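Undergrad: File name model.txt; file contents compact mmCIF, C-alpha atoms and all ligand atoms; full text below.
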# COMPACT_ATOMS: atom_id res chain seq x y z
CA MET A 30 24.08 -60.66 -11.34
CA THR A 31 22.09 -59.64 -8.27
CA TYR A 32 22.84 -56.88 -5.82
CA ASP A 33 25.34 -57.00 -2.99
CA ASP A 34 24.74 -55.14 0.29
CA ARG A 35 28.45 -54.49 0.72
CA LEU A 36 28.33 -51.90 -2.07
CA ILE A 37 26.75 -48.59 -1.00
CA VAL A 38 26.21 -46.09 -3.82
CA ALA A 39 26.51 -42.43 -2.77
CA LEU A 40 23.62 -40.29 -4.05
CA ASP A 41 25.48 -36.97 -4.03
CA PHE A 42 22.84 -34.88 -5.79
CA PRO A 43 21.12 -31.58 -5.03
CA THR A 44 17.59 -32.74 -5.87
CA GLN A 45 15.41 -35.78 -5.25
CA ALA A 46 14.61 -35.95 -8.96
CA ALA A 47 18.29 -36.37 -9.88
CA ALA A 48 18.76 -39.04 -7.21
CA GLU A 49 15.61 -40.91 -8.28
CA HIS A 50 16.83 -40.93 -11.86
CA ILE A 51 19.96 -42.85 -10.81
CA VAL A 52 18.05 -45.24 -8.56
CA GLU A 53 15.60 -46.05 -11.38
CA GLU A 54 18.43 -46.57 -13.83
CA LEU A 55 20.34 -48.91 -11.51
CA GLY A 56 17.16 -50.83 -10.67
CA GLU A 57 17.77 -54.19 -9.01
CA ASN A 58 21.52 -53.92 -9.46
CA VAL A 59 22.10 -51.82 -6.34
CA SER A 60 20.45 -52.41 -2.97
CA TYR A 61 22.12 -49.90 -0.67
CA TYR A 62 22.32 -46.10 -1.06
CA LYS A 63 24.00 -43.32 0.90
CA VAL A 64 22.07 -40.10 1.44
CA GLY A 65 24.39 -37.35 2.63
CA MET A 66 23.91 -33.79 3.81
CA GLU A 67 23.42 -32.25 0.36
CA LEU A 68 20.57 -34.53 -0.68
CA TYR A 69 19.00 -34.75 2.77
CA TYR A 70 18.96 -30.97 3.24
CA ALA A 71 17.45 -30.59 -0.24
CA ALA A 72 14.92 -33.41 -0.19
CA GLY A 73 14.47 -34.46 3.47
CA ALA A 74 12.24 -37.27 4.65
CA PRO A 75 10.53 -37.88 1.26
CA MET A 76 13.88 -39.04 -0.13
CA LEU A 77 14.03 -41.78 2.48
CA HIS A 78 10.39 -42.68 1.95
CA TYR A 79 11.10 -43.04 -1.77
CA LEU A 80 14.14 -45.31 -1.22
CA LYS A 81 12.25 -47.43 1.30
CA SER A 82 9.31 -47.75 -1.15
CA LYS A 83 11.85 -49.23 -3.57
CA ASN A 84 13.05 -51.68 -0.88
CA LYS A 85 16.48 -50.08 -0.74
CA LYS A 86 18.70 -49.91 2.31
CA VAL A 87 19.79 -46.41 3.32
CA PHE A 88 22.94 -45.13 4.98
CA LEU A 89 21.99 -41.67 6.23
CA ASP A 90 25.35 -39.91 6.33
CA LEU A 91 24.57 -36.78 8.38
CA LYS A 92 27.58 -36.99 10.75
CA LEU A 93 25.84 -35.66 13.84
CA GLN A 94 27.76 -33.95 16.63
CA ASP A 95 26.16 -31.92 19.45
CA ILE A 96 25.38 -32.39 23.13
CA PRO A 97 24.32 -35.98 23.90
CA ASN A 98 20.63 -35.14 24.43
CA THR A 99 20.31 -33.31 21.11
CA VAL A 100 22.10 -35.99 19.10
CA ALA A 101 20.16 -38.83 20.73
CA HIS A 102 16.77 -37.25 20.09
CA SER A 103 17.66 -36.26 16.54
CA LEU A 104 18.72 -39.83 15.81
CA ALA A 105 15.46 -41.11 17.27
CA VAL A 106 13.57 -38.98 14.74
CA LEU A 107 15.79 -40.24 11.92
CA THR A 108 15.21 -43.84 13.07
CA GLU A 109 11.51 -43.30 12.35
CA LEU A 110 12.43 -42.58 8.71
CA GLY A 111 13.72 -46.13 8.37
CA ALA A 112 17.45 -45.53 7.81
CA ASP A 113 19.49 -48.74 8.08
CA MET A 114 22.72 -47.02 9.05
CA MET A 115 23.46 -43.56 10.49
CA ASN A 116 26.57 -41.85 11.79
CA VAL A 117 27.95 -39.40 14.33
CA HIS A 118 31.37 -37.86 14.94
CA ALA A 119 33.37 -39.89 17.48
CA VAL A 120 34.91 -36.67 18.81
CA GLY A 121 31.46 -35.90 20.24
CA GLY A 122 32.64 -38.23 23.00
CA ARG A 123 31.67 -41.36 24.87
CA LYS A 124 28.51 -40.00 26.47
CA MET A 125 27.17 -38.70 23.17
CA MET A 126 27.75 -42.08 21.50
CA GLU A 127 26.35 -44.10 24.42
CA GLU A 128 23.18 -42.00 24.53
CA ALA A 129 22.85 -42.28 20.75
CA VAL A 130 23.01 -46.09 20.93
CA LYS A 131 20.58 -46.28 23.85
CA THR A 132 18.00 -43.93 22.34
CA VAL A 133 18.12 -45.40 18.84
CA HIS A 134 17.74 -48.94 20.18
CA ALA A 135 14.79 -47.90 22.34
CA LYS A 136 13.12 -46.14 19.40
CA ALA A 137 13.64 -49.12 17.08
CA GLN A 138 12.17 -51.44 19.69
CA GLU A 139 9.17 -49.15 20.08
CA LEU A 140 8.68 -49.27 16.29
CA GLY A 141 9.15 -53.04 16.22
CA ARG A 142 12.06 -52.79 13.77
CA PRO A 143 15.68 -53.89 13.84
CA ALA A 144 17.86 -51.07 15.16
CA PRO A 145 19.80 -49.18 12.49
CA LYS A 146 23.55 -49.57 12.60
CA LEU A 147 25.33 -46.65 14.22
CA ILE A 148 28.81 -45.84 13.05
CA ALA A 149 31.31 -43.13 13.92
CA VAL A 150 33.45 -40.82 11.84
CA THR A 151 36.91 -40.73 13.43
CA ILE A 152 39.04 -38.03 11.78
CA LEU A 153 37.82 -36.69 8.44
CA THR A 154 40.07 -37.91 5.66
CA SER A 155 40.21 -34.35 4.32
CA MET A 156 42.35 -33.47 7.35
CA ASP A 157 45.99 -33.03 6.33
CA GLU A 158 49.09 -32.70 8.51
CA GLY A 159 49.03 -28.88 8.41
CA GLN A 160 45.42 -28.63 9.57
CA TRP A 161 46.05 -31.36 12.13
CA ARG A 162 48.83 -29.30 13.74
CA ASP A 163 46.37 -26.39 14.14
CA LEU A 164 44.25 -28.60 16.41
CA HIS A 165 47.11 -29.37 18.84
CA TYR A 166 46.25 -33.02 19.41
CA SER A 167 49.15 -34.93 20.96
CA LYS A 168 48.91 -38.02 18.76
CA SER A 169 49.41 -38.48 15.01
CA ILE A 170 46.30 -38.66 12.81
CA SER A 171 46.64 -42.42 12.33
CA GLU A 172 47.05 -43.05 16.07
CA GLU A 173 44.10 -40.82 16.90
CA VAL A 174 41.93 -42.60 14.32
CA VAL A 175 42.54 -45.94 16.06
CA GLU A 176 41.94 -44.43 19.53
CA LEU A 177 38.63 -42.94 18.37
CA ALA A 178 37.60 -46.24 16.75
CA LYS A 179 38.29 -48.01 20.06
CA LEU A 180 36.28 -45.37 21.91
CA ALA A 181 33.39 -45.83 19.46
CA LYS A 182 33.44 -49.57 20.04
CA ALA A 183 33.59 -49.14 23.82
CA SER A 184 30.61 -46.78 23.58
CA GLY A 185 28.50 -49.46 21.89
CA MET A 186 28.76 -48.21 18.31
CA ASP A 187 28.57 -50.79 15.51
CA GLY A 188 31.53 -49.50 13.54
CA VAL A 189 33.31 -46.59 11.89
CA VAL A 190 33.75 -44.82 8.59
CA ALA A 191 37.39 -45.19 7.61
CA SER A 192 39.73 -44.73 4.68
CA PRO A 193 41.23 -47.88 3.16
CA GLN A 194 44.58 -46.95 4.71
CA GLU A 195 43.09 -46.94 8.21
CA ALA A 196 40.95 -50.05 7.90
CA GLY A 197 43.67 -52.59 8.72
CA ALA A 198 44.76 -50.98 11.97
CA ILE A 199 41.14 -50.49 13.04
CA ARG A 200 40.27 -54.12 12.29
CA LYS A 201 43.25 -55.21 14.41
CA ALA A 202 42.34 -52.91 17.32
CA CYS A 203 38.55 -53.43 17.29
CA GLY A 204 38.19 -57.10 16.34
CA ASP A 205 36.02 -58.86 13.79
CA ASP A 206 32.60 -57.79 14.99
CA PHE A 207 32.91 -54.16 13.88
CA LEU A 208 31.73 -52.46 10.69
CA ILE A 209 34.28 -50.56 8.64
CA VAL A 210 32.62 -48.48 5.92
CA THR A 211 35.11 -47.21 3.38
CA PRO A 212 34.75 -44.40 0.84
CA GLY A 213 37.48 -43.35 -1.58
CA VAL A 214 37.23 -46.56 -3.59
CA ARG A 215 38.31 -46.65 -7.22
CA SER A 216 38.76 -49.58 -9.58
CA ALA A 217 42.22 -49.80 -11.12
CA GLY A 218 42.51 -47.42 -14.05
CA SER A 219 39.42 -45.31 -13.29
CA ALA A 220 39.37 -41.55 -12.60
CA ILE A 221 40.11 -40.75 -8.96
CA ASN A 222 38.26 -37.37 -9.12
CA ASP A 223 39.13 -35.35 -6.01
CA GLN A 224 39.91 -38.37 -3.82
CA SER A 225 43.52 -38.79 -2.77
CA ARG A 226 44.03 -41.87 -0.61
CA VAL A 227 42.17 -44.36 -2.77
CA ALA A 228 42.02 -48.15 -2.76
CA THR A 229 40.47 -50.61 -5.19
CA PRO A 230 37.26 -52.38 -4.09
CA LEU A 231 39.25 -55.57 -3.59
CA GLY A 232 41.99 -53.72 -1.69
CA ALA A 233 39.45 -52.17 0.69
CA PHE A 234 38.00 -55.57 1.64
CA LYS A 235 41.45 -57.10 1.96
CA ASN A 236 42.29 -54.31 4.43
CA GLY A 237 39.27 -55.24 6.55
CA SER A 238 36.42 -53.08 5.25
CA THR A 239 32.91 -54.54 5.49
CA HIS A 240 31.24 -52.04 3.13
CA ILE A 241 32.45 -49.68 0.43
CA VAL A 242 30.88 -46.35 -0.53
CA VAL A 243 31.20 -45.56 -4.22
CA GLY A 244 29.77 -42.44 -5.83
CA ARG A 245 30.95 -40.96 -9.11
CA PRO A 246 32.57 -44.10 -10.61
CA ILE A 247 29.00 -45.47 -10.80
CA THR A 248 26.70 -42.42 -10.85
CA GLN A 249 28.68 -40.58 -13.55
CA ALA A 250 29.50 -43.65 -15.64
CA GLU A 251 28.14 -43.87 -19.15
CA ASN A 252 26.99 -47.42 -18.38
CA LYS A 253 26.07 -47.29 -14.70
CA ILE A 254 24.87 -50.89 -14.45
CA ALA A 255 28.10 -52.19 -15.96
CA ALA A 256 30.12 -50.04 -13.53
CA ALA A 257 28.17 -51.43 -10.55
CA HIS A 258 28.49 -54.99 -11.85
CA SER A 259 32.22 -54.79 -12.27
CA ILE A 260 32.65 -53.57 -8.68
CA VAL A 261 30.37 -56.30 -7.30
CA ALA A 262 32.21 -58.91 -9.37
CA GLU A 263 35.50 -57.67 -7.97
CA ILE A 264 34.37 -57.86 -4.33
CA ARG A 265 32.73 -61.25 -4.83
CA GLY A 266 36.05 -62.57 -6.01
CA ILE A 267 37.41 -62.58 -2.46
CA ALA A 268 36.79 -64.90 0.44
CA HIS A 269 35.74 -62.24 3.02
CA GLU A 270 31.97 -62.92 2.75
O1 LIG B 1 32.13 -39.98 -5.77
P1 LIG B 1 32.93 -40.64 -4.69
O2 LIG B 1 33.05 -42.14 -4.87
O3 LIG B 1 34.24 -39.97 -4.43
O4 LIG B 1 32.00 -40.44 -3.38
C1 LIG B 1 32.42 -40.85 -2.12
C2 LIG B 1 31.39 -40.51 -1.11
O5 LIG B 1 31.90 -40.80 0.19
C3 LIG B 1 30.98 -39.05 -1.06
O6 LIG B 1 29.61 -39.01 -0.66
C4 LIG B 1 31.88 -38.46 0.00
O7 LIG B 1 31.30 -37.35 0.64
C5 LIG B 1 31.96 -39.62 0.97
N1 LIG B 1 33.12 -39.61 1.85
C6 LIG B 1 34.42 -39.60 1.36
N2 LIG B 1 35.47 -39.61 2.24
C7 LIG B 1 35.25 -39.63 3.55
C8 LIG B 1 33.95 -39.66 4.04
C9 LIG B 1 32.90 -39.64 3.15
O8 LIG B 1 34.64 -39.59 0.17
N3 LIG B 1 36.26 -39.70 4.37
Could you render the structure from this file as structure tokens?

TA:
Amino acid sequence: MTYDDRLIVALDFPTQAAAEHIVEELGENVSYYKVGMELYYAAGAPMLHYLKSKNKKVFLDLKLQDIPNTVAHSLAVLTELGADMMNVHAVGGRKMMEEAVKTVHAKAQELGRPAPKLIAVTILTSMDEGQWRDLHYSKSISEEVVELAKLAKASGMDGVVASPQEAGAIRKACGDDFLIVTPGVRSAGSAINDQSRVATPLGAFKNGSTHIVVGRPITQAENKIAAAHSIVAEIRGIAHE
């Protein structure tokens, strides 16, 4: 079985060596990797250069949020590293997202490359009702998630990161041409680790996700290739191609 770009494997490791070990082991079976804050802060640009040298796609999950100028120029630098997808917090606001889109597109054009996809984090899924009350927003979490997804779309973003539970409402509100990247995915019967609102790979796509992010069920599996294959087989079993 060959790779499938809809599966993004999270490289949540504190060193480049540990991440490379997994990438070598998975070989041609995985084409898309997520580099988050831990690995990027530890390994930096060489990690991306390594993944690109292996012809892998990279979702650089650094969740930027700052004033529009700072975010836009930081994303321009990251675009030079060759990331295929990057993200910001939607609560940074419309101007921050619009400037991000404009600057990243201009930088990609200057480099003669396709622009990386830009997606927005709406409300972190770690937010529970108690913490939400502390923030004094007027809407419920699920309503605010959809409002922020709509704002991201209106600001020119390509999509959002969303839990499986949120994907359906976002798909309905934002239409078909919008990426929904979903972590918290677990095959039936596997360990859920510290995730709480999980869905199966199939369930995530049925809810409207376009990509799933899977970490430990693959990276900590005894047979990592078999774990990746079974997830790809599951998502290929559905019509949403
Ligand atoms: O190992 P596991 O499959 O739980 O990894 C999921 C990945 O997705 C981790 O990198 C985690 O930080 C990330 N993530 C998440 N939930 C979110 C956003 C990101 O689990 N809401």

Undergrad: Please report as a Markdown table every residue of region 33-77 of chain A lying within 12 Å of region 198-214 of chain A, along with the nearest atom pair and their distance in Å (one decimal), using all atoms listed in the file.

TA:
| residue | atom | partner | partner_atom | distance |
| --- | --- | --- | --- | --- |
| A:Asp34 | CA | A:Val210 | CA | 11.8 |
| A:Arg35 | CA | A:Val210 | CA | 9.0 |
| A:Leu36 | CA | A:Val210 | CA | 9.7 |
| A:Ile37 | CA | A:Val210 | CA | 9.1 |
| A:Val38 | CA | A:Pro212 | CA | 9.9 |
| A:Ala39 | CA | A:Pro212 | CA | 9.2 |
| A:Lys63 | CA | A:Pro212 | CA | 10.8 |

Undergrad: Please tabulate, as a tab-separated table, the residues of chain A that come within 6 Å of ligand LIG 1 (chain B), each with its closest pair of atoms and the distance in Å to one decimal, counting all atoms listed in the file and ordering rows by chain, then residue number upward.

TA:
residue	atom	partner	partner_atom	distance
A:Ala39	CA	B:LIG1	O6	5.1
A:Asp41	CA	B:LIG1	O6	5.7
A:Leu153	CA	B:LIG1	N3	5.3
A:Thr154	CA	B:LIG1	N3	4.4
A:Pro212	CA	B:LIG1	O5	4.6
A:Gly213	CA	B:LIG1	O8	5.0
A:Gln224	CA	B:LIG1	O3	5.9
A:Val242	CA	B:LIG1	O5	5.7
A:Val243	CA	B:LIG1	O2	3.9
A:Gly244	CA	B:LIG1	O1	3.4
A:Arg245	CA	B:LIG1	O1	3.7

Undergrad: Smallest atom-to-atom distance to Val150 (chain A): which of A:Lys92, A:Val130, A:Ala105, A:Glu172, using only C-alpha atoms?

TA: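 Selected residue with least distance to Val150 (chain A): A:Lys92.
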
Undergrad: Within 9 Å of Ser184 (chain A), counting all atoms listed in the file, which residues qualify if same-chain residues fewer than 2 places away don't, as a ChimeraX atom specification?

TA: /A:122-128,130,179-182,186

Undergrad: Could you work out an axis-aligned box for region 243-249 of chain A, taking every atom the file lists and adding 8 Å on each side, and report centre and edge lengths in Å to one decimal, as AutoDock Vina command-line options?

TA:
--center_x 29.6 --center_y -43.1 --center_z -8.9 --size_x 21.9 --size_y 21.0 --size_z 25.3

Undergrad: So how far away is CA of Val190 (chain A) from CA of His102 (chain A), in Å?

TA: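 Atom-to-atom, CA of His102 (chain A) and CA of Val190 (chain A) are spaced 21.9 Å apart.
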
Undergrad: Please, what distance in Å, to one decimal, runs between CA of Tyr62 (chain A) and CA of Val87 (chain A)?

TA: 5.1 Å

Undergrad: Could you check how far CA of Gly237 (chain A) sits from CA of Gly197 (chain A), in Å to one decimal?

TA: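 CA of Gly197 (chain A) lies at a distance of 5.6 Å from CA of Gly237 (chain A).
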
Undergrad: Which one of A:Ala233, A:Ala220, A:Ala129, A:Ala71 sits closest to Asn116 (chain A) if you count only C-alpha atoms?

TA: A:Ala129

Undergrad: Go through A:Thr44, A:Gln94, A:Asp33, A:Met156 one by one, measure the shortest atom-to-atom distance of each to Arg265 (chain A) using all atoms listed in the file, and give the residue with the smallest value.

TA: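 Among A:Thr44, A:Gln94, A:Asp33, A:Met156, it is A:Asp33 that comes nearest to Arg265 (chain A).
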
Undergrad: Measuring atom to atom with only C-alpha atoms, identify which of A:Ser238, A:Thr108, A:Ala191, A:Trp161 is nearest to Glu139 (chain A).

TA: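 Looking only at the distances to Glu139 (chain A), the closest residue turns out to be A:Thr108.
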
Undergrad: Which residues, written as a PDB file with C-alpha atoms, in the coordinates of the input, have at least one atom at most 10 Å from region 53-55 of chain A, with all atoms listed in the file counted and residues fewer than 2 positions away on the same chain left out?

TA:
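Output file out39.pdb is given in full below:
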ATOM      1  CA  ALA A  48      18.760 -39.040  -7.210  1.00  0.00           C
ATOM      2  CA  GLU A  49      15.610 -40.910  -8.280  1.00  0.00           C
ATOM      3  CA  HIS A  50      16.830 -40.930 -11.860  1.00  0.00           C
ATOM      4  CA  ILE A  51      19.960 -42.850 -10.810  1.00  0.00           C
ATOM      5  CA  GLU A  57      17.770 -54.190  -9.010  1.00  0.00           C
ATOM      6  CA  ASN A  58      21.520 -53.920  -9.460  1.00  0.00           C
ATOM      7  CA  VAL A  59      22.100 -51.820  -6.340  1.00  0.00           C
ATOM      8  CA  SER A  60      20.450 -52.410  -2.970  1.00  0.00           C
ATOM      9  CA  LYS A  83      11.850 -49.230  -3.570  1.00  0.00           C
ATOM     10  CA  ILE A 247      29.000 -45.470 -10.800  1.00  0.00           C
ATOM     11  CA  THR A 248      26.700 -42.420 -10.850  1.00  0.00           C
ATOM     12  CA  ASN A 252      26.990 -47.420 -18.380  1.00  0.00           C
ATOM     13  CA  LYS A 253      26.070 -47.290 -14.700  1.00  0.00           C
ATOM     14  CA  ILE A 254      24.870 -50.890 -14.450  1.00  0.00           C
ATOM     15  CA  ALA A 255      28.100 -52.190 -15.960  1.00  0.00           C
ATOM     16  CA  ALA A 257      28.170 -51.430 -10.550  1.00  0.00           C
TER      17      ALA A 257
END

Undergrad: From the options A:Glu263, A:Leu77, A:Ile170, A:His258, which residue's atoms come nearest to Tyr32 (chain A), counting all atoms listed in the file?

TA: A:His258

Undergrad: For each of A:Ala101, A:Val174, A:Ala119, A:Ile148, take the minimum atom-to-atom distance to His134 (chain A), counting all atoms listed in the file, then give the residue where this is smallest.

TA: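 Counting all atoms listed in the file, the residue closest to His134 (chain A) is A:Ala101.
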
Undergrad: Could you give me, as an NGL selection string, the residues that sit within 8 Å of (13.4, -41.9, 18.9) in the file's coordinates, counting only C-alpha atoms?

TA: :A and (101-109 or 132-133 or 135-137)

Undergrad: Neighbours of region 73-76 of chain A within 8 Å (all atoms listed in the file; same-chain residues fewer than 5 positions away dropped), as a PDB file with C-alpha atoms, in the coordinates of the input?

TA:
ATOM      1  CA  GLN A  45      15.410 -35.780  -5.250  1.00  0.00           C
ATOM      2  CA  LEU A  68      20.570 -34.530  -0.680  1.00  0.00           C
ATOM      3  CA  LEU A 110      12.430 -42.580   8.710  1.00  0.00           C
TER       4      LEU A 110
END

Undergrad: Show me, as a list of chain:residue names, the residues that have an atom within 8 Å of Pro230 (chain A) when counting all atoms listed in the file, minus same-chain residues fewer than 2 positions from it.

TA: A:Val214, A:Arg215, A:Ser216, A:Ala228, A:Gly232, A:Ala233, A:Phe234, A:Ile241, A:Ile260, A:Glu263, A:Ile264

Undergrad: Store the residues picked out above in a file with C-alpha atoms, as a PDB file, in the frame of the given file.

TA:
ATOM      1  CA  VAL A 214      37.230 -46.560  -3.590  1.00  0.00           C
ATOM      2  CA  ARG A 215      38.310 -46.650  -7.220  1.00  0.00           C
ATOM      3  CA  SER A 216      38.760 -49.580  -9.580  1.00  0.00           C
ATOM      4  CA  ALA A 228      42.020 -48.150  -2.760  1.00  0.00           C
ATOM      5  CA  GLY A 232      41.990 -53.720  -1.690  1.00  0.00           C
ATOM      6  CA  ALA A 233      39.450 -52.170   0.690  1.00  0.00           C
ATOM      7  CA  PHE A 234      38.000 -55.570   1.640  1.00  0.00           C
ATOM      8  CA  ILE A 241      32.450 -49.680   0.430  1.00  0.00           C
ATOM      9  CA  ILE A 260      32.650 -53.570  -8.680  1.00  0.00           C
ATOM     10  CA  GLU A 263      35.500 -57.670  -7.970  1.00  0.00           C
ATOM     11  CA  ILE A 264      34.370 -57.860  -4.330  1.00  0.00           C
TER      12      ILE A 264
END
